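Asker: See structure.cif below, with mmCIF, C-alpha atoms.
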data_data
#
loop_
_atom_site.group_PDB
_atom_site.id
_atom_site.type_symbol
_atom_site.label_atom_id
_atom_site.label_comp_id
_atom_site.auth_asym_id
_atom_site.auth_seq_id
_atom_site.Cartn_x
_atom_site.Cartn_y
_atom_site.Cartn_z
ATOM 1 C CA MET B 1 0.000 0.000 0.000
ATOM 2 C CA THR B 2 1.329 3.452 -0.876
ATOM 3 C CA ASP B 3 -1.538 5.498 0.581
ATOM 4 C CA THR B 4 -0.267 6.633 3.992
ATOM 5 C CA SER B 5 -3.857 7.023 5.193
ATOM 6 C CA LEU B 6 -3.992 3.211 5.053
ATOM 7 C CA ASP B 7 -0.967 2.672 7.313
ATOM 8 C CA HIS B 8 -3.431 1.401 9.929
ATOM 9 C CA TYR B 9 -3.891 -1.626 7.643
ATOM 10 C CA ALA B 10 -0.303 -2.096 6.451
ATOM 11 C CA ARG B 11 -0.185 -5.782 7.359
ATOM 12 C CA TYR B 12 -3.084 -6.767 5.083
ATOM 13 C CA GLN B 13 -2.130 -8.333 1.758
ATOM 14 C CA ALA B 14 -5.009 -10.573 0.683
ATOM 15 C CA LEU B 15 -7.594 -7.810 1.132
ATOM 16 C CA LYS B 16 -7.500 -4.612 -0.929
ATOM 17 C CA LEU B 17 -8.443 -1.386 0.813
ATOM 18 C CA ARG B 18 -9.451 1.998 -0.588
ATOM 19 C CA ARG B 19 -10.490 5.175 1.170
ATOM 20 C CA HIS B 20 -13.378 7.224 -0.147
ATOM 21 C CA PRO B 21 -14.787 10.615 0.892
ATOM 22 C CA GLU B 22 -16.798 11.023 4.085
ATOM 23 C CA GLY B 23 -14.969 8.248 5.921
ATOM 24 C CA VAL B 24 -16.050 5.351 3.720
ATOM 25 C CA LEU B 25 -13.562 2.466 3.636
ATOM 26 C CA GLU B 26 -13.877 -0.030 0.787
ATOM 27 C CA ILE B 27 -12.682 -3.592 1.482
ATOM 28 C CA ILE B 28 -12.291 -5.796 -1.575
ATOM 29 C CA MET B 29 -11.885 -9.564 -1.585
ATOM 30 C CA GLY B 30 -9.771 -10.004 -4.692
ATOM 31 C CA PRO B 31 -9.759 -13.001 -7.053
ATOM 32 C CA ARG B 32 -7.745 -16.069 -6.136
ATOM 33 C CA GLY B 33 -4.067 -15.523 -6.877
ATOM 34 C CA GLY B 34 -4.887 -12.088 -8.285
ATOM 35 C CA VAL B 35 -6.050 -13.739 -11.519
ATOM 36 C CA PRO B 36 -8.860 -11.760 -13.204
ATOM 37 C CA GLY B 37 -12.049 -13.753 -13.582
ATOM 38 C CA LYS B 38 -11.311 -16.033 -10.647
ATOM 39 C CA LEU B 39 -13.506 -16.067 -7.556
ATOM 40 C CA SER B 40 -12.157 -14.876 -4.230
ATOM 41 C CA THR B 41 -11.280 -18.039 -2.288
ATOM 42 C CA ALA B 42 -10.640 -18.117 1.444
ATOM 43 C CA ASP B 43 -7.132 -19.526 1.612
ATOM 44 C CA ALA B 44 -5.177 -19.339 4.872
ATOM 45 C CA ASN B 45 -4.172 -15.690 4.357
ATOM 46 C CA LEU B 46 -7.585 -14.347 3.334
ATOM 47 C CA HIS B 47 -9.363 -16.317 6.067
ATOM 48 C CA ARG B 48 -7.071 -14.841 8.725
ATOM 49 C CA GLU B 49 -7.305 -11.298 7.382
ATOM 50 C CA LEU B 50 -11.082 -11.425 7.031
ATOM 51 C CA ALA B 51 -11.309 -12.423 10.685
ATOM 52 C CA ASP B 52 -8.857 -9.804 11.956
ATOM 53 C CA ILE B 53 -9.681 -6.702 9.953
ATOM 54 C CA TRP B 54 -12.848 -5.755 11.835
ATOM 55 C CA ARG B 55 -10.876 -5.084 15.016
ATOM 56 C CA ASP B 56 -8.692 -2.638 13.093
ATOM 57 C CA VAL B 57 -11.749 -1.040 11.479
ATOM 58 C CA ASP B 58 -13.204 -0.615 14.958
ATOM 59 C CA THR B 59 -10.177 1.408 16.118
ATOM 60 C CA ASP B 60 -9.621 3.326 12.859
ATOM 61 C CA PRO B 61 -10.387 7.017 13.553
ATOM 62 C CA HIS B 62 -10.699 7.805 9.840
ATOM 63 C CA THR B 63 -13.401 5.245 9.029
ATOM 64 C CA ARG B 64 -17.104 5.789 9.607
ATOM 65 C CA VAL B 65 -18.540 3.012 7.461
ATOM 66 C CA VAL B 66 -17.256 0.026 5.456
ATOM 67 C CA VAL B 67 -18.313 -1.271 2.042
ATOM 68 C CA LEU B 68 -17.353 -4.936 1.593
ATOM 69 C CA ARG B 69 -17.418 -6.412 -1.888
ATOM 70 C CA GLY B 70 -15.875 -9.068 -4.086
ATOM 71 C CA GLU B 71 -13.997 -8.568 -7.317
ATOM 72 C CA GLY B 72 -14.423 -10.348 -10.640
ATOM 73 C CA LYS B 73 -17.237 -12.764 -11.335
ATOM 74 C CA GLY B 74 -18.443 -13.210 -7.767
ATOM 75 C CA PHE B 75 -18.474 -12.043 -4.168
ATOM 76 C CA SER B 76 -16.734 -15.048 -2.608
ATOM 77 C CA GLY B 77 -16.047 -18.617 -3.650
ATOM 78 C CA GLY B 78 -15.825 -20.421 -0.341
ATOM 79 C CA GLY B 79 -12.958 -22.170 1.375
ATOM 80 C CA ASP B 80 -9.801 -23.158 -0.449
ATOM 81 C CA LEU B 81 -9.862 -26.966 -0.773
ATOM 82 C CA ASP B 82 -6.169 -27.235 0.085
ATOM 83 C CA LEU B 83 -6.866 -25.465 3.368
ATOM 84 C CA VAL B 84 -9.925 -27.656 3.987
ATOM 85 C CA GLU B 85 -7.790 -30.757 3.434
ATOM 86 C CA GLN B 86 -5.167 -29.452 5.870
ATOM 87 C CA MET B 87 -7.919 -28.935 8.434
ATOM 88 C CA ALA B 88 -9.024 -32.547 8.018
ATOM 89 C CA ASP B 89 -5.457 -33.838 8.381
ATOM 90 C CA ASP B 90 -3.892 -31.566 11.004
ATOM 91 C CA PHE B 91 -5.302 -30.807 14.462
ATOM 92 C CA ASP B 92 -3.217 -27.640 14.824
ATOM 93 C CA VAL B 93 -4.545 -26.224 11.542
ATOM 94 C CA ARG B 94 -8.091 -27.177 12.526
ATOM 95 C CA ALA B 95 -7.748 -25.453 15.900
ATOM 96 C CA ARG B 96 -6.282 -22.307 14.308
ATOM 97 C CA VAL B 97 -9.018 -22.016 11.682
ATOM 98 C CA TRP B 98 -11.707 -22.690 14.317
ATOM 99 C CA ARG B 99 -10.460 -19.675 16.255
ATOM 100 C CA GLU B 100 -10.406 -17.523 13.118
ATOM 101 C CA ALA B 101 -13.945 -18.621 12.203
ATOM 102 C CA ARG B 102 -15.122 -17.729 15.714
ATOM 103 C CA ASP B 103 -13.352 -14.379 15.624
ATOM 104 C CA LEU B 104 -14.754 -13.522 12.189
ATOM 105 C CA VAL B 105 -18.321 -13.762 13.441
ATOM 106 C CA TYR B 106 -17.817 -12.001 16.757
ATOM 107 C CA ASN B 107 -15.537 -9.313 15.306
ATOM 108 C CA VAL B 108 -18.121 -8.351 12.686
ATOM 109 C CA ILE B 109 -20.849 -8.272 15.345
ATOM 110 C CA ASN B 110 -18.745 -6.203 17.750
ATOM 111 C CA CYS B 111 -17.243 -3.776 15.224
ATOM 112 C CA ASN B 112 -18.781 -0.429 16.114
ATOM 113 C CA LYS B 113 -18.676 0.900 12.534
ATOM 114 C CA PRO B 114 -21.616 0.012 10.243
ATOM 115 C CA ILE B 115 -20.806 -2.450 7.436
ATOM 116 C CA VAL B 116 -22.491 -2.543 4.023
ATOM 117 C CA SER B 117 -21.987 -5.652 1.887
ATOM 118 C CA ALA B 118 -22.455 -5.773 -1.893
ATOM 119 C CA MET B 119 -22.862 -9.372 -3.080
ATOM 120 C CA HIS B 120 -22.867 -10.489 -6.708
ATOM 121 C CA GLY B 121 -22.349 -13.830 -8.405
ATOM 122 C CA ALA B 122 -21.446 -16.662 -6.038
ATOM 123 C CA ALA B 123 -21.497 -15.819 -2.320
ATOM 124 C CA VAL B 124 -20.143 -18.747 -0.321
ATOM 125 C CA GLY B 125 -17.885 -19.479 2.653
ATOM 126 C CA ALA B 126 -16.063 -16.963 4.840
ATOM 127 C CA GLY B 127 -17.000 -14.072 2.565
ATOM 128 C CA LEU B 128 -20.666 -14.958 2.966
ATOM 129 C CA VAL B 129 -20.248 -14.857 6.747
ATOM 130 C CA ALA B 130 -19.316 -11.172 6.607
ATOM 131 C CA GLY B 131 -21.777 -10.535 3.780
ATOM 132 C CA LEU B 132 -24.842 -11.709 5.714
ATOM 133 C CA LEU B 133 -23.680 -10.413 9.105
ATOM 134 C CA ALA B 134 -23.171 -6.959 7.583
ATOM 135 C CA ASP B 135 -25.522 -4.313 8.944
ATOM 136 C CA ILE B 136 -26.906 -3.579 5.480
ATOM 137 C CA SER B 137 -26.618 -6.477 3.014
ATOM 138 C CA ILE B 138 -27.260 -5.783 -0.664
ATOM 139 C CA ALA B 139 -27.365 -8.522 -3.306
ATOM 140 C CA SER B 140 -27.672 -8.469 -7.066
ATOM 141 C CA ARG B 141 -30.801 -10.183 -8.360
ATOM 142 C CA ASP B 142 -28.882 -13.130 -9.767
ATOM 143 C CA ALA B 143 -26.453 -13.499 -6.855
ATOM 144 C CA ARG B 144 -26.134 -17.120 -5.723
ATOM 145 C CA ILE B 145 -26.020 -17.420 -1.944
ATOM 146 C CA ILE B 146 -25.032 -20.912 -0.817
ATOM 147 C CA ASP B 147 -24.131 -22.281 2.586
ATOM 148 C CA GLY B 148 -22.255 -25.364 1.411
ATOM 149 C CA HIS B 149 -21.340 -27.029 4.689
ATOM 150 C CA THR B 150 -23.526 -30.130 4.539
ATOM 151 C CA ARG B 151 -22.477 -30.636 0.901
ATOM 152 C CA LEU B 152 -18.906 -30.783 2.194
ATOM 153 C CA GLY B 153 -19.875 -33.247 4.924
ATOM 154 C CA VAL B 154 -19.702 -30.971 7.988
ATOM 155 C CA ALA B 155 -22.335 -29.206 10.086
ATOM 156 C CA ALA B 156 -23.453 -25.730 9.069
ATOM 157 C CA GLY B 157 -21.331 -23.713 11.490
ATOM 158 C CA ASP B 158 -19.778 -20.330 10.620
ATOM 159 C CA HIS B 159 -22.618 -17.817 10.751
ATOM 160 C CA ALA B 160 -25.540 -20.134 9.955
ATOM 161 C CA ALA B 161 -27.030 -20.841 13.390
ATOM 162 C CA ILE B 162 -26.531 -17.303 14.678
ATOM 163 C CA ILE B 163 -28.131 -15.328 11.833
ATOM 164 C CA TRP B 164 -30.197 -17.366 9.328
ATOM 165 C CA PRO B 165 -33.142 -18.217 11.646
ATOM 166 C CA LEU B 166 -33.302 -14.598 12.817
ATOM 167 C CA LEU B 167 -33.324 -13.234 9.271
ATOM 168 C CA CYS B 168 -35.527 -15.658 7.366
ATOM 169 C CA GLY B 169 -37.157 -17.861 10.012
ATOM 170 C CA MET B 170 -36.406 -21.391 11.153
ATOM 171 C CA ALA B 171 -38.357 -23.173 8.394
ATOM 172 C CA LYS B 172 -36.495 -21.436 5.559
ATOM 173 C CA ALA B 173 -33.181 -21.651 7.411
ATOM 174 C CA LYS B 174 -33.504 -25.416 7.801
ATOM 175 C CA TYR B 175 -34.552 -25.867 4.177
ATOM 176 C CA TYR B 176 -31.586 -23.995 2.726
ATOM 177 C CA LEU B 177 -28.977 -25.083 5.281
ATOM 178 C CA LEU B 178 -29.830 -28.792 5.371
ATOM 179 C CA LEU B 179 -30.173 -29.109 1.587
ATOM 180 C CA CYS B 180 -27.488 -26.603 0.506
ATOM 181 C CA GLU B 181 -30.005 -25.106 -1.906
ATOM 182 C CA THR B 182 -28.989 -21.932 -3.747
ATOM 183 C CA VAL B 183 -30.749 -18.720 -2.746
ATOM 184 C CA THR B 184 -30.843 -16.098 -5.493
ATOM 185 C CA GLY B 185 -30.509 -12.461 -4.524
ATOM 186 C CA GLU B 186 -34.137 -11.896 -5.450
ATOM 187 C CA GLU B 187 -35.331 -14.788 -3.275
ATOM 188 C CA ALA B 188 -32.999 -13.723 -0.463
ATOM 189 C CA GLU B 189 -34.677 -10.320 -0.331
ATOM 190 C CA ARG B 190 -38.133 -11.900 -0.460
ATOM 191 C CA ILE B 191 -37.494 -14.122 2.569
ATOM 192 C CA GLY B 192 -35.586 -11.438 4.496
ATOM 193 C CA LEU B 193 -32.110 -12.961 4.242
ATOM 194 C CA VAL B 194 -30.689 -9.719 2.782
ATOM 195 C CA SER B 195 -31.646 -6.076 3.192
ATOM 196 C CA LEU B 196 -31.943 -5.124 -0.483
ATOM 197 C CA CYS B 197 -31.844 -6.650 -3.960
ATOM 198 C CA VAL B 198 -30.882 -4.604 -7.042
ATOM 199 C CA ASP B 199 -29.753 -5.115 -10.619
ATOM 200 C CA GLU B 200 -26.059 -5.986 -10.779
ATOM 201 C CA ALA B 201 -25.255 -2.750 -12.614
ATOM 202 C CA ASP B 202 -26.693 -0.825 -9.672
ATOM 203 C CA LEU B 203 -25.085 -2.917 -6.923
ATOM 204 C CA ILE B 204 -21.900 -0.966 -6.181
ATOM 205 C CA PRO B 205 -23.482 2.494 -6.690
ATOM 206 C CA ARG B 206 -26.313 1.544 -4.318
ATOM 207 C CA ALA B 207 -23.879 0.214 -1.719
ATOM 208 C CA PHE B 208 -21.943 3.492 -1.759
ATOM 209 C CA GLU B 209 -25.167 5.483 -1.679
ATOM 210 C CA VAL B 210 -26.206 3.657 1.492
ATOM 211 C CA ALA B 211 -22.693 4.007 2.938
ATOM 212 C CA GLY B 212 -22.737 7.741 2.271
ATOM 213 C CA LYS B 213 -26.008 8.155 4.141
ATOM 214 C CA LEU B 214 -24.585 6.236 7.091
ATOM 215 C CA ALA B 215 -21.379 8.289 7.017
ATOM 216 C CA ARG B 216 -23.327 11.554 7.097
ATOM 217 C CA GLY B 217 -25.571 10.458 9.956
ATOM 218 C CA SER B 218 -25.037 10.795 13.700
ATOM 219 C CA GLN B 219 -22.206 8.396 14.403
ATOM 220 C CA THR B 220 -23.078 7.889 18.053
ATOM 221 C CA ALA B 221 -26.749 7.225 17.232
ATOM 222 C CA ILE B 222 -25.927 4.787 14.418
ATOM 223 C CA ARG B 223 -23.212 2.909 16.310
ATOM 224 C CA TRP B 224 -25.238 2.613 19.498
ATOM 225 C CA THR B 225 -28.273 1.420 17.553
ATOM 226 C CA LYS B 226 -26.101 -1.242 15.899
ATOM 227 C CA TYR B 227 -24.738 -2.269 19.304
ATOM 228 C CA ALA B 228 -28.206 -2.632 20.805
ATOM 229 C CA LEU B 229 -29.650 -4.544 17.847
ATOM 230 C CA ASN B 230 -26.692 -6.912 17.778
ATOM 231 C CA ASN B 231 -27.576 -8.042 21.290
ATOM 232 C CA TRP B 232 -30.041 -10.340 19.486
ATOM 233 C CA LEU B 233 -26.999 -11.993 17.902
ATOM 234 C CA ARG B 234 -25.059 -12.064 21.175
ATOM 235 C CA LEU B 235 -28.005 -13.908 22.754
ATOM 236 C CA ALA B 236 -27.561 -16.554 20.060
ATOM 237 C CA GLY B 237 -23.863 -16.919 20.914
ATOM 238 C CA PRO B 238 -24.273 -20.337 22.599
ATOM 239 C CA SER B 239 -26.066 -21.705 19.505
ATOM 240 C CA PHE B 240 -23.293 -20.355 17.301
ATOM 241 C CA ASP B 241 -20.552 -21.780 19.520
ATOM 242 C CA ALA B 242 -22.211 -25.222 19.443
ATOM 243 C CA SER B 243 -22.651 -25.138 15.669
ATOM 244 C CA LEU B 244 -19.033 -24.127 15.112
ATOM 245 C CA ALA B 245 -17.768 -26.846 17.453
ATOM 246 C CA LEU B 246 -19.868 -29.456 15.622
ATOM 247 C CA GLU B 247 -18.646 -28.195 12.260
ATOM 248 C CA PHE B 248 -15.022 -28.596 13.289
ATOM 249 C CA LEU B 249 -15.728 -31.985 14.874
ATOM 250 C CA GLY B 250 -16.888 -32.979 11.397
ATOM 251 C CA PHE B 251 -13.505 -32.042 9.940
ATOM 252 C CA SER B 252 -12.034 -34.945 11.921
ATOM 253 C CA GLY B 253 -14.518 -37.462 10.496
ATOM 254 C CA PRO B 254 -14.826 -39.500 7.278
ATOM 255 C CA ASP B 255 -17.619 -37.579 5.518
ATOM 256 C CA VAL B 256 -15.527 -34.471 4.894
ATOM 257 C CA ARG B 257 -12.962 -36.505 2.978
ATOM 258 C CA GLU B 258 -15.652 -37.705 0.580
ATOM 259 C CA GLY B 259 -16.939 -34.139 0.376
ATOM 260 C CA ILE B 260 -13.495 -32.805 -0.569
ATOM 261 C CA GLN B 261 -12.900 -35.571 -3.115
ATOM 262 C CA SER B 262 -16.300 -35.112 -4.753
ATOM 263 C CA LEU B 263 -15.715 -31.368 -5.102
ATOM 264 C CA ARG B 264 -12.315 -31.970 -6.669
ATOM 265 C CA GLU B 265 -13.871 -34.468 -9.084
ATOM 266 C CA ARG B 266 -16.930 -32.276 -9.730
ATOM 267 C CA ARG B 267 -19.425 -35.022 -8.873
ATOM 268 C CA ALA B 268 -22.171 -35.638 -6.333
ATOM 269 C CA PRO B 269 -20.834 -36.911 -2.996
ATOM 270 C CA GLN B 270 -21.500 -40.503 -1.947
ATOM 271 C CA PHE B 271 -21.697 -40.291 1.836
ATOM 272 C CA PRO B 272 -22.009 -43.489 3.925
ATOM 273 C CA PRO B 273 -25.675 -44.587 4.296
ATOM 274 C CA GLY B 274 -26.354 -44.034 7.943
ATOM 275 C CA SER B 275 -24.645 -42.855 11.097
ATOM 276 C CA PRO B 276 -24.379 -44.008 14.723
ATOM 277 C CA PHE B 277 -25.443 -40.498 15.712
#
Please express what this file holds, its structure, as structure tokens.
Answerer:
Amino acid sequence: MTDTSLDHYARYQALKLRRHPEGVLEIIMGPRGGVPGKLSTADANLHRELADIWRDVDTDPHTRVVVLRGEGKGFSGGGDLDLVEQMADDFDVRARVWREARDLVYNVINCNKPIVSAMHGAAVGAGLVAGLLADISIASRDARIIDGHTRLGVAAGDHAAIIWPLLCGMAKAKYYLLLCETVTGEEAERIGLVSLCVDEADLIPRAFEVAGKLARGSQTAIRWTKYALNNWLRLAGPSFDASLALEFLGFSGPDVREGIQSLRERRAPQFPPGSPF
């Protein structure tokens, strides 16, 4: 980074940051390996940075509001399969990523600055966590929101238990989380999973329009309102903690290995028929 106003974020490499007028900070999840056209994939570096950055945003005196978006053909492409495989094979990696996944959720919730997400294309994995936990979530009509945990062979942890039932109700949450069904941006707005749905051409302009309104508002009133409302999420902390623990327990079991292999081979998974649980 050459912009000295971003010295607060000098250690971040996987995330791109840009300052805009009125205290708006843009955070961009770039394509995998910096290759245009690729989806942003949560490898070890991006996963860590996406968990940590909200603490730095919280203490940044120059930022009033954040716009979070993806770059290229989608918002976020989910976890890097190499990292997922390491989690299945190595307890230390699994424990480290569990802590990052926990911190990502709680750091977004506890960040005192309002966050606006702009989701287009695929929205999966760690990026989706921040996208749906954002204070104002905006999706393009043809965005494809997918919580892919059960497809991988692990419980729907991350943000699922803490936010989906509150946003769209338990019946819809169970349907989409158990079956890994895709939710379009249009359907997500209809069921209350996102705040707004717009045409893709209008997505980024609308996100910055909303961010500008937040930046020009009373910062104490907005931040304290966010804090109070997010007590609903803090009340769900035990459910989230249980879901995340069960997800990471699954990374030590056999189903996740079939999930990884089936994704690599681009085929439907063949999980064992039955379980002692």
Asker: Please compute the atom CA of B:Phe271-atom CA of B:Pro254 distance, one decimal, in Å.
Answerer: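 One can read the atom CA of B:Phe271 to atom CA of B:Pro254 distance as 8.8 Å.
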Asker: Check which residues satisfy the PyMOL selection byres ((chain B and resi 88) around 8) in the file shown, then give them as a PyMOL selection string.
Answerer: chain B and resi 84-87+89-91+94+251-253+256-257
Asker: For B:Ser140, which of B:Gly74, B:Leu83, B:Val105, B:Leu128 is the closest residue, counting all atoms listed in the file?
Answerer: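 Among the listed residues, B:Gly74 lies closest to B:Ser140.
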Asker: Here is a test: counting only C-alpha atoms, which residue of B:Arg99, B:Lys16, B:His47, B:His120 is nearest to B:Arg144?
Answerer: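 Of B:Arg99, B:Lys16, B:His47, B:His120, the one nearest B:Arg144 is B:His120, counting only C-alpha atoms.
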Asker: Find, counting all atoms listed in the file, the residue in B:Glu71, B:Glu186, B:Asp58, B:Glu258 that gets nearest to B:Leu152.
Answerer: B:Glu258
Asker: Go through B:Lys174, B:Arg69, B:Arg264, B:Arg18 one by one, measure the shortest atom-to-atom distance of each to B:Leu203 using all atoms listed in the file, and give the residue with the smallest value.
Answerer: B:Arg69
Asker: Nearest residue to B:Gly131 out of B:Tyr175, B:Phe75, B:Tyr9, B:Trp232, using all atoms listed in the file?
Answerer: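 Nearest to B:Gly131: B:Phe75.
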Asker: Quick one: which residues end up in the PyMOL selection byres ((chain B and resi 161) around 10) for this structure, as a list in words?
Answerer: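 Here the PyMOL selection byres ((chain B and resi 161) around 10) matches Ala156, Gly157, Asp158, His159, Ala160, Ile162, Ile163, Trp164, Pro165, Leu166, Met170, Ala173, Lys174, Leu177, Leu233, Ala236, Gly237, Pro238, Ser239, Phe240, Asp241, Ala242, Ser243 and Leu244 of chain B.
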Asker: Starting from the PyMOL selection byres ((chain B and resi 263) around 12), expand the selection into actual residues of this file and give them as a PyMOL selection string.
Answerer: chain B and resi 78-82+84-85+148+151-153+256-262+264-270
Asker: Of the candidates B:Asp147, B:Asp92, B:Glu200, B:Glu181, which shows the shortest atom-to-atom distance to B:Gly121, using only C-alpha atoms?
Answerer: B:Glu200
Asker: To one decimal in Å, tell me the separation between atom CA of B:Leu68 and atom CA of B:Ser117.
Answerer: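 Between these atoms lies a distance of 4.7 Å.
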Asker: So how many Å separate atom CA of B:Ala126 and atom CA of B:Ile146, to one decimal?
Answerer: 11.3 Å
Asker: Step by step: start from the point (-26.8, -9.0, -9.2) in the file's coordinates, keep every protein, DNA or RNA residue that has an atom no farther than 12 Å from it, count only C-alpha atoms, and write the set as a ChimeraX atom specification.
Answerer: /B:73-75,118-123,138-145,184-189,196-204,206
Asker: Axis-aligned box over every listed atom of stretch 107-116 of chain B, padded by 8 Å per side: centre and edges in Å to one decimal, as JSON?
Answerer:
{"center_x": -19.0, "center_y": -4.2, "center_z": 10.9, "size_x": 23.0, "size_y": 26.2, "size_z": 29.7}
